[in-house]
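Participant: This is the structure I have questions about; it appears just below.
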Amino acid sequence: MKKRIFVTGGASGLGREIALRWARDGALICIGDLNDARGQETLDLIKAAGGQGIYRHCDVTKLEDLQAVAEELLREWGGVDIVFNNAGVGTAGALGSESIEQWQWVLDINLLGVVRGCQAFAPIFKAQGKGHFVNTASMAGLVHPPMMGSYNAVKAAVVAFSETLRVELAPSNIGVTVVCPSFFRTNLTESLRSPAAAAKIERLFEKAPITAAEIADRIYRAVETNQYLVLPHAGDRKAYFFKRFMPVNAYLNFMTRKTRSFHKLGQSQSGKVAK
């Protein structure tokens with residue numbers, strides 16, 4: 001039986017690669033995104049890869065948009081097997097350079113967008129007796145470097161929310177996977193409002209040892225085995241366990257030394273509130 005999947009932020013980056021990975025299995029794929037042109041490009045790629053796709057203009061800050069997609073897929077496909085809450089934006093900046101407006105913006109998309117996606121599709125999963133949510137967080141949700149306060153906070157919240165749902169929805173035969181990648185080639189820097197931060201992060205993207213397609217393949221295997229936490233980068237797996245088992249003060253002192261370049265960037269932005 002063909003898998004039926006819905007991917008938010010599916011028109012580019014990791015979302016596109018997720019769609020293409022399932023397309024190679026002949027899946028029915030619905031792409032939700034705000035970029036209509038990229039959405040149509042992705043549909044062509046899905047078809048070429050062997051899948052069947054539809055695109056819907058969908059804003060994850062609007063519950064009604066997600067509910068409309070859920071109702072359509074229930075009507076047209078008879079249900080949905082996997083929902084990827086993947087849409088997200090990037091933020092960065094020191095405490096004094098991130099405005100409350102920027103905090104609210106990233107919170108509404110990166111965290112509440114995931115919550116809305118789960119609220120819209122959970123009733124379908126429960127009614128059909130199965131389903132799987134895949135929530136895209138970040139390594140920033142587990143290890144928290146300076147100059148990324150709002151981004152770290154919302155991604156940590158996505159991890160906490162996903163863990164909550166994993167336990168809460170298990171009796172309904174609904175799986176939950178949370179994905180925590182670090183740097184890989186994507187268009188996330190397009191959303192960054194700090195040119196200095198965008199340039200720095202773009203350089204890190206260029207050095208990334210893993211591609212979005214490779215991450216999508218690891219997500220595919222995780223869903224197949226109902227794995228909860230996906231840490232695609234080998235170095236990140238070491239960093240995560242290092243943090244878990246190292247004494248807290250020793251770890252924080254270590255991170256302070258390792259992130260000196262971020263501190264310099266923070267000093268240059270001191271007092272400059274992002275708009």
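Each chain in the structure tokens gets a letter, A, B and so on, in the order shown; residues start at 1 in every chain, and ligands are counted from 1 in the order they appear.
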Quick one: residues within 10 Å of stretch 157-168 of chain A, only C-alpha atoms counted, chain neighbours fewer than 3 positions away excluded, as a VMD selection string?
Facilitator: chain A and resid 107 110 to 115 118 132 to 139 141 to 142 151 to 154 171 to 180 228 to 229
Participant: Skip A:Leu66 itself and residues of its chain fewer than 6 positions away, then list as a list in words all residues within 12 Å of it, counting only C-alpha atoms.
Facilitator: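 Close residues of A:Leu66: Phe6, Val7, Thr8, Cys30, Ile31, Gly32, Asp33, Arg56, His57, Cys58, Asp59, Val60, Glu72, Leu73, Val83, Asn85, Gly113, Val114, Val115, Arg116, Gly117, Cys118, Gln119, Ala120, Phe121 and Ala122 of chain A.
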Participant: Rounded to one decimal, what separation in Å do you get between atom CA of A:Arg4 and atom CA of A:Leu43?
Facilitator: 14.9 Å
Participant: Using only C-alpha atoms, which residues of stretch 26-93 of chain A come within 12 Å of stretch 214-219 of chain A, and what is the closest atom pair for each, with the distance in Å to one decimal? Give it as a tab-separated table, sorted by chain and residue number.
Facilitator:
residue	atom	partner	partner_atom	distance
A:Ile82	CA	A:Ile219	CA	11.7
A:Phe84	CA	A:Ile219	CA	10.3
A:Asn86	CA	A:Ala216	CA	11.5
Participant: If you run DSSP on this backbone, which residues of stretch 35-225 of chain A come out as strand (DSSP E or B), and could you give them as an NGL selection string?
Facilitator: :A and (52-57 or 82-85 or 93 or 131-136 or 148 or 174-179)
Participant: Using atom CA of A:Val248 and atom CA of A:Gln227 as the two end points, give the distance in Å to one decimal.
Facilitator: 27.6 Å
Participant: Would you return as number ranges by chain the members of stretch 36-259 of chain A that DSSP assigns to alpha helix (DSSP H) on this structure's backbone?
Facilitator: A: 36-49, 63-77, 100-106, 112-128, 149-169, 195-206, 212-224, 234-245, 248-258
Participant: Using only C-alpha atoms for the distances, tell me which of A:Gln128, A:Gln67, A:Thr42, A:Ser150 is nearest to A:Trp105.
Facilitator: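 Using only C-alpha atoms, the shortest distance to A:Trp105 belongs to A:Ser150.
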Participant: Between atom CA of A:Gly51 and atom CA of A:Pro232, what is the spacing in Å?
Facilitator: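 Atom-to-atom, atom CA of A:Pro232 to atom CA of A:Gly51, that is 24.7 Å.
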Participant: Residues at most 9 Å from A:Tyr220, counting only C-alpha atoms, excluding those fewer than 4 positions away in the same chain, as a PDB file with N, CA and C atoms, in the first residue's frame?
Facilitator:
ATOM      1  N   ILE A  18      12.942  15.072   1.950  1.00  0.00           N
ATOM      2  CA  ILE A  18      12.051  14.097   2.580  1.00  0.00           C
ATOM      3  C   ILE A  18      11.005  13.625   1.563  1.00  0.00           C
ATOM      4  N   ARG A  21      12.579  11.329  -0.969  1.00  0.00           N
ATOM      5  CA  ARG A  21      12.925   9.994  -0.442  1.00  0.00           C
ATOM      6  C   ARG A  21      11.702   9.092  -0.447  1.00  0.00           C
ATOM      7  N   TRP A  22      10.558   9.622  -0.018  1.00  0.00           N
ATOM      8  CA  TRP A  22       9.346   8.800  -0.027  1.00  0.00           C
ATOM      9  C   TRP A  22       8.793   8.639  -1.441  1.00  0.00           C
ATOM     10  N   ILE A 215      20.281  13.127   5.290  1.00  0.00           N
ATOM     11  CA  ILE A 215      19.459  13.253   6.497  1.00  0.00           C
ATOM     12  C   ILE A 215      18.075  12.671   6.247  1.00  0.00           C
ATOM     13  N   ALA A 216      17.510  12.947   5.076  1.00  0.00           N
ATOM     14  CA  ALA A 216      16.192  12.402   4.731  1.00  0.00           C
ATOM     15  C   ALA A 216      16.216  10.881   4.742  1.00  0.00           C
ATOM     16  N   GLU A 224      10.693   3.905   9.816  1.00  0.00           N
ATOM     17  CA  GLU A 224      10.461   2.478   9.613  1.00  0.00           C
ATOM     18  C   GLU A 224      10.616   1.687  10.910  1.00  0.00           C
ATOM     19  N   THR A 225      11.517   2.129  11.779  1.00  0.00           N
ATOM     20  CA  THR A 225      11.782   1.404  13.030  1.00  0.00           C
ATOM     21  C   THR A 225      11.163   2.085  14.253  1.00  0.00           C
TER      22      THR A 225
END
Participant: Of the candidates A:Val143, A:Ile109, A:Arg221, A:Phe125, which one gets nearest to A:Ala70 if we count only C-alpha atoms?
Facilitator: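 Going through A:Val143, A:Ile109, A:Arg221, A:Phe125 one by one, the smallest distance to A:Ala70 is for A:Phe125.
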Participant: Can you list, as a list in words, every protein, DNA or RNA residue that comes within 8 Å of A:Leu28 when you count only C-alpha atoms, leaving out same-chain residues fewer than 6 positions away?
Facilitator: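 The contact residues come out as Lys2, Lys3, Arg4, Ile5, Gly51, Gln52 and Gly53 of chain A.
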